[in-house]
Amino acid sequence: MVRPVSIALVGIGGYGNTYVNMVLDGWERRTFDLVAAIDPNPAACRRLDELKTRRIALYPSLETFYESHRADLVVLSTPIALHAPQTALACARGSHVLCEKPLCATLEDATAMRGARDRFERHVAIGYQWSFSLAVQQLKADILAGVFGRARRLRTIVLWPRDEAYYGRNRWAGAKRDTHGTFVWDSPVNNACAHYLHNMLYVIGPRIERSAEPASVVAELYRAHPIENYDTGALRITTADGVELLFVVSHATAARVDPTFSYEFDRGTVDFAGTPDGEIVARMNDGTRKHYGSPNAERDGKLRLTIEAIGRGTESVCGIEAAASHTRCVIAAQESMPQIAEFPRQLIRVTGEPGRRATSVDGLDDVLRRCYAEWRLPSELSDVSWARQGKHVAPQPWPDAKPHNEPDNTRASARSSS
């Protein structure tokens, strides 16, 4: 009988609750053995009592866990600034890693994560769950097989209003750096909506385990909430193969638009309407259609496929290299507009009760929908007076090769869960 994979969950509050649910709800399948939950504030876990009933050991930090225990797989649902040091520490202690998105905030951290993985010969997956879904995997396989011909342009819109509780949930929400001075670049592009920019890069990547390389980024970054970084962004990215990507996102609209995309190819278009149970549908130029199912199905796929890949000794379908293209775009976007543009005060509306107040911008919903429909940035619409142009930036290079330097694993304490 094959021994179940032992798992330690790092960060069990916030998004970490999702992994707690995956593990507890899949307990009877016994393909894994949860050996520890690690969080300095475990009370934020909604199923903490159940973990205690099952006698799961609780630890305040990853270091204290490794003082007396080990795990085959460490799942990181921790702040962005901790992804690199905790990945390096886990690899050094013999654990494989499933790290939540985004990969990290800097290419130096990406290099450290890759170095630790390669030096200690561990498996490292990055938890962009759409990449692990059957729908996206089948779509990417067809793209690689040439079913759609050459990719021409891809666009995505996500309008997810967020209130002051969202930005008050920790000390780095909406910030460029955390309280320790470490870059996090927290924004809708690098956090809540990161999946959907990554997915455009991922599906047109040259291999299952790789994403497309960004060659040029121009970004327009705006804010309405009282934060340091931006809550609204419009990015135009050109890949090394000349494919145009348009990404429109905001946390400052009155209306909600769930992830919606349209990917254009020489032989057809692939669309996804922003509904929880919506399907990815390809419409070929000859009138035929293909349904790929929902990318939101099988939300435990990233955990299950990571466990399977560890057992086979194969590379993750979404590992460090696949996720790095997104990180490069995030950094380039910040360079494109280093001074975040403020929305005019007279357009900003704040409603609701203290603690849950919502901030929105008059007319922003319409502007961003038009940007998506017309393949334009706000500054390219003639009647948007508040729009500001960003500069074109070539993303920092990050070669797909093993580094020679040893990883830095000195910042690995688990603080608050994300």
# chains A, B, ... in the order shown; residues from 1 in each chain; ligands from 1
$ closest_atom_pairs --of "stretch 89-189 of chain A" --to "stretch 2-14 of chain A" --cutoff "10 Å" --atoms "only C-alpha atoms" --output "CSV"
residue,atom,partner,partner_atom,distance
A:Ser95,CA,A:Ile7,CA,9.2
A:His96,CA,A:Ile7,CA,9.5
A:Val97,CA,A:Ile7,CA,9.7
A:Leu98,CA,A:Leu9,CA,9.7
A:Cys99,CA,A:Val10,CA,9.6
A:Arg169,CA,A:Gly14,CA,9.0
$ write_last_selection --atoms "N, CA and C atoms" --output "short mmCIF file (atom, residue, chain, number, x, y, z; two decimals), in the first residue's frame"
data_model
loop_
_atom_site.label_atom_id
_atom_site.label_comp_id
_atom_site.auth_asym_id
_atom_site.auth_seq_id
_atom_site.Cartn_x
_atom_site.Cartn_y
_atom_site.Cartn_z
N SER A 95 10.73 19.20 2.15
CA SER A 95 9.31 19.21 1.78
C SER A 95 9.12 19.71 0.35
N HIS A 96 8.13 19.17 -0.32
CA HIS A 96 7.64 19.75 -1.56
C HIS A 96 6.72 20.91 -1.19
N VAL A 97 6.39 21.77 -2.16
CA VAL A 97 5.64 22.99 -1.84
C VAL A 97 4.52 23.21 -2.84
N LEU A 98 3.35 23.54 -2.32
CA LEU A 98 2.25 24.13 -3.11
C LEU A 98 2.04 25.52 -2.53
N CYS A 99 2.46 26.54 -3.27
CA CYS A 99 2.41 27.92 -2.81
C CYS A 99 1.26 28.64 -3.49
N ARG A 169 -7.91 44.18 6.23
CA ARG A 169 -7.76 42.82 6.76
C ARG A 169 -6.34 42.52 7.22
#
$ residues_around --residues "A:Leu245" --least-positions-apart "5" --cutoff "12 Å" --atoms "only C-alpha atoms" --output "JSON, numbers by chain"
{"A": [151, 152, 153, 154, 155, 156, 157, 196, 197, 198, 199, 200, 201, 202, 203, 204, 212, 213, 214, 215, 216, 217, 218, 219, 234, 235, 236, 237, 238, 239, 240, 261, 262, 263, 264, 329, 372, 375, 376, 377]}
$ select_by_dssp --residues "stretch 157-339 of chain A" --states "strand (DSSP E)" --output "PyMOL selection string"
chain A and resi 157-159+214-223+232-239+244-250+257-265+268-272+280-284+289-293
$ closest_residue --among "A:Leu364, A:Val124, A:His251, A:Leu221" --to "A:Ala309" --atoms "only C-alpha atoms"
A:Val124
$ residues_around --residues "A:Ala192" --least-positions-apart "3" --cutoff "10 Å" --atoms "only C-alpha atoms" --output "list of chain:residue names"
A:Lys101, A:Pro102, A:Val158, A:Trp160, A:Asp186, A:Ser187, A:Pro188, A:Val189, A:His195, A:Tyr196, A:Val249, A:Ser250, A:His251
$ write_last_selection --atoms "N, CA and C atoms" --output "compact mmCIF listing (two decimals), in the first residue's frame"
# COMPACT_ATOMS: atom_id res chain seq x y z
N LYS A 101 -1.01 31.59 -5.12
CA LYS A 101 -0.69 32.71 -6.00
C LYS A 101 -0.67 34.01 -5.18
N PRO A 102 0.03 35.05 -5.68
CA PRO A 102 0.93 35.03 -6.82
C PRO A 102 2.25 34.37 -6.44
N VAL A 158 -12.41 41.97 -15.16
CA VAL A 158 -12.89 41.55 -13.85
C VAL A 158 -13.16 42.81 -13.04
N TRP A 160 -14.48 43.63 -9.45
CA TRP A 160 -14.83 43.06 -8.15
C TRP A 160 -14.77 44.16 -7.10
N ASP A 186 0.79 44.79 -3.69
CA ASP A 186 -0.58 44.29 -3.58
C ASP A 186 -1.52 45.16 -4.41
N SER A 187 -2.33 44.52 -5.22
CA SER A 187 -3.25 45.19 -6.14
C SER A 187 -4.20 44.14 -6.68
N PRO A 188 -5.25 44.55 -7.40
CA PRO A 188 -6.10 43.53 -8.03
C PRO A 188 -5.33 42.69 -9.04
N VAL A 189 -4.30 43.25 -9.66
CA VAL A 189 -3.51 42.51 -10.65
C VAL A 189 -2.62 41.47 -9.98
N HIS A 195 -5.25 35.50 -11.08
CA HIS A 195 -5.52 34.29 -11.86
C HIS A 195 -5.78 34.58 -13.33
N TYR A 196 -6.46 35.68 -13.59
CA TYR A 196 -7.04 35.88 -14.91
C TYR A 196 -6.06 36.54 -15.88
N VAL A 249 -9.22 45.59 -14.81
CA VAL A 249 -9.64 45.14 -13.48
C VAL A 249 -9.91 46.34 -12.58
N SER A 250 -10.79 46.13 -11.59
CA SER A 250 -11.03 47.19 -10.62
C SER A 250 -11.68 46.64 -9.36
N HIS A 251 -11.33 47.29 -8.23
CA HIS A 251 -12.01 47.08 -6.95
C HIS A 251 -12.82 48.32 -6.57
$ residues_around --residues "stretch 37-46 of chain A" --least-positions-apart "2" --cutoff "9 Å" --atoms "only C-alpha atoms" --output "number ranges by chain"
A: 7-14, 16-17, 20, 34-35, 48-49, 51, 56-62, 65, 78, 414-417
$ residues_around --residues "A:Pro378" --least-positions-apart "2" --cutoff "6 Å" --atoms "only C-alpha atoms" --output "ChimeraX atom specification"
/A:380-381,387
$ closest_residue --among "A:Ile126, A:Ala92, A:Asp72, A:Ile331" --to "A:Phe32" --atoms "only C-alpha atoms"
A:Asp72
$ closest_residue --among "A:Gln334, A:Ser379, A:Ser385, A:Thr87" --to "A:Tyr230" --atoms "only C-alpha atoms"
A:Gln334
$ atom_distance --atom1 "atom CA of A:Asp33" --atom2 "atom CA of A:Arg299"
19.1 Å
$ atom_distance --atom1 "atom CA of A:Ala322" --atom2 "atom CA of A:Ser211"
4.9 Å
$ atom_distance --atom1 "atom CA of A:Met113" --atom2 "atom CA of A:Lys140"
25.6 Å
$ select_by_dssp --residues "stretch 163-263 of chain A" --states "alpha helix (DSSP H)" --output "ChimeraX atom specification"
/A:164-167,194-203
$ write_last_selection --atoms "N, CA and C atoms" --output "PDB file, in the first residue's frame"
ATOM      1  N   GLU A 164     -13.927  48.616   2.711  1.00  0.00           N
ATOM      2  CA  GLU A 164     -12.810  48.956   3.573  1.00  0.00           C
ATOM      3  C   GLU A 164     -12.373  47.773   4.452  1.00  0.00           C
ATOM      4  N   ALA A 165     -13.255  46.819   4.692  1.00  0.00           N
ATOM      5  CA  ALA A 165     -12.849  45.632   5.448  1.00  0.00           C
ATOM      6  C   ALA A 165     -11.808  44.832   4.675  1.00  0.00           C
ATOM      7  N   TYR A 166     -11.945  44.789   3.349  1.00  0.00           N
ATOM      8  CA  TYR A 166     -10.969  44.086   2.510  1.00  0.00           C
ATOM      9  C   TYR A 166      -9.592  44.729   2.671  1.00  0.00           C
ATOM     10  N   TYR A 167      -9.553  46.040   2.600  1.00  0.00           N
ATOM     11  CA  TYR A 167      -8.267  46.721   2.706  1.00  0.00           C
ATOM     12  C   TYR A 167      -7.772  46.837   4.142  1.00  0.00           C
ATOM     13  N   ALA A 194      -5.325  38.060  -9.960  1.00  0.00           N
ATOM     14  CA  ALA A 194      -4.089  37.579 -10.582  1.00  0.00           C
ATOM     15  C   ALA A 194      -4.314  36.367 -11.472  1.00  0.00           C
ATOM     16  N   HIS A 195      -5.248  35.504 -11.083  1.00  0.00           N
ATOM     17  CA  HIS A 195      -5.523  34.285 -11.855  1.00  0.00           C
ATOM     18  C   HIS A 195      -5.776  34.579 -13.331  1.00  0.00           C
ATOM     19  N   TYR A 196      -6.459  35.682 -13.589  1.00  0.00           N
ATOM     20  CA  TYR A 196      -7.037  35.880 -14.909  1.00  0.00           C
ATOM     21  C   TYR A 196      -6.058  36.538 -15.876  1.00  0.00           C
ATOM     22  N   LEU A 197      -5.100  37.283 -15.353  1.00  0.00           N
ATOM     23  CA  LEU A 197      -3.974  37.705 -16.188  1.00  0.00           C
ATOM     24  C   LEU A 197      -3.058  36.521 -16.444  1.00  0.00           C
ATOM     25  N   HIS A 198      -2.763  35.775 -15.387  1.00  0.00           N
ATOM     26  CA  HIS A 198      -1.925  34.580 -15.552  1.00  0.00           C
ATOM     27  C   HIS A 198      -2.516  33.639 -16.588  1.00  0.00           C
ATOM     28  N   ASN A 199      -3.839  33.467 -16.591  1.00  0.00           N
ATOM     29  CA  ASN A 199      -4.449  32.498 -17.501  1.00  0.00           C
ATOM     30  C   ASN A 199      -4.226  32.873 -18.959  1.00  0.00           C
ATOM     31  N   MET A 200      -4.273  34.160 -19.288  1.00  0.00           N
ATOM     32  CA  MET A 200      -4.012  34.565 -20.673  1.00  0.00           C
ATOM     33  C   MET A 200      -2.594  34.202 -21.078  1.00  0.00           C
ATOM     34  N   LEU A 201      -1.638  34.466 -20.197  1.00  0.00           N
ATOM     35  CA  LEU A 201      -0.247  34.128 -20.475  1.00  0.00           C
ATOM     36  C   LEU A 201      -0.054  32.619 -20.540  1.00  0.00           C
ATOM     37  N   TYR A 202      -0.766  31.909 -19.659  1.00  0.00           N
ATOM     38  CA  TYR A 202      -0.561  30.464 -19.528  1.00  0.00           C
ATOM     39  C   TYR A 202      -1.083  29.683 -20.738  1.00  0.00           C
ATOM     40  N   VAL A 203      -2.300  29.987 -21.188  1.00  0.00           N
ATOM     41  CA  VAL A 203      -2.899  29.140 -22.226  1.00  0.00           C
ATOM     42  C   VAL A 203      -2.147  29.243 -23.549  1.00  0.00           C
TER      43      VAL A 203
END
$ residues_around --residues "A:Val317" --least-positions-apart "5" --cutoff "9 Å" --atoms "only C-alpha atoms" --output "compact mmCIF listing (two decimals) with C-alpha atoms, in the first residue's frame"
# COMPACT_ATOMS: atom_id res chain seq x y z
CA ALA A 125 3.64 24.24 -7.63
CA SER A 131 -4.28 26.13 -14.55
CA PHE A 132 -5.02 22.87 -12.73
CA GLN A 137 -5.75 21.90 -19.48
CA ILE A 208 2.05 22.75 -20.76
CA GLU A 209 4.44 23.82 -17.99
CA ARG A 210 5.25 27.27 -19.40
CA LEU A 305 -2.65 17.16 -9.10
CA THR A 306 0.26 18.35 -6.99
CA ALA A 309 2.90 14.92 -9.65
CA ALA A 322 4.81 29.24 -15.54
$ closest_residue --among "A:Asp300, A:Lys391, A:Asp266, A:Gly293" --to "A:Gly149" --atoms "only C-alpha atoms"
A:Asp266
$ closest_residue --among "A:Pro295, A:Pro276, A:Pro79, A:Gly352" --to "A:Val136" --atoms "only C-alpha atoms"
A:Pro295
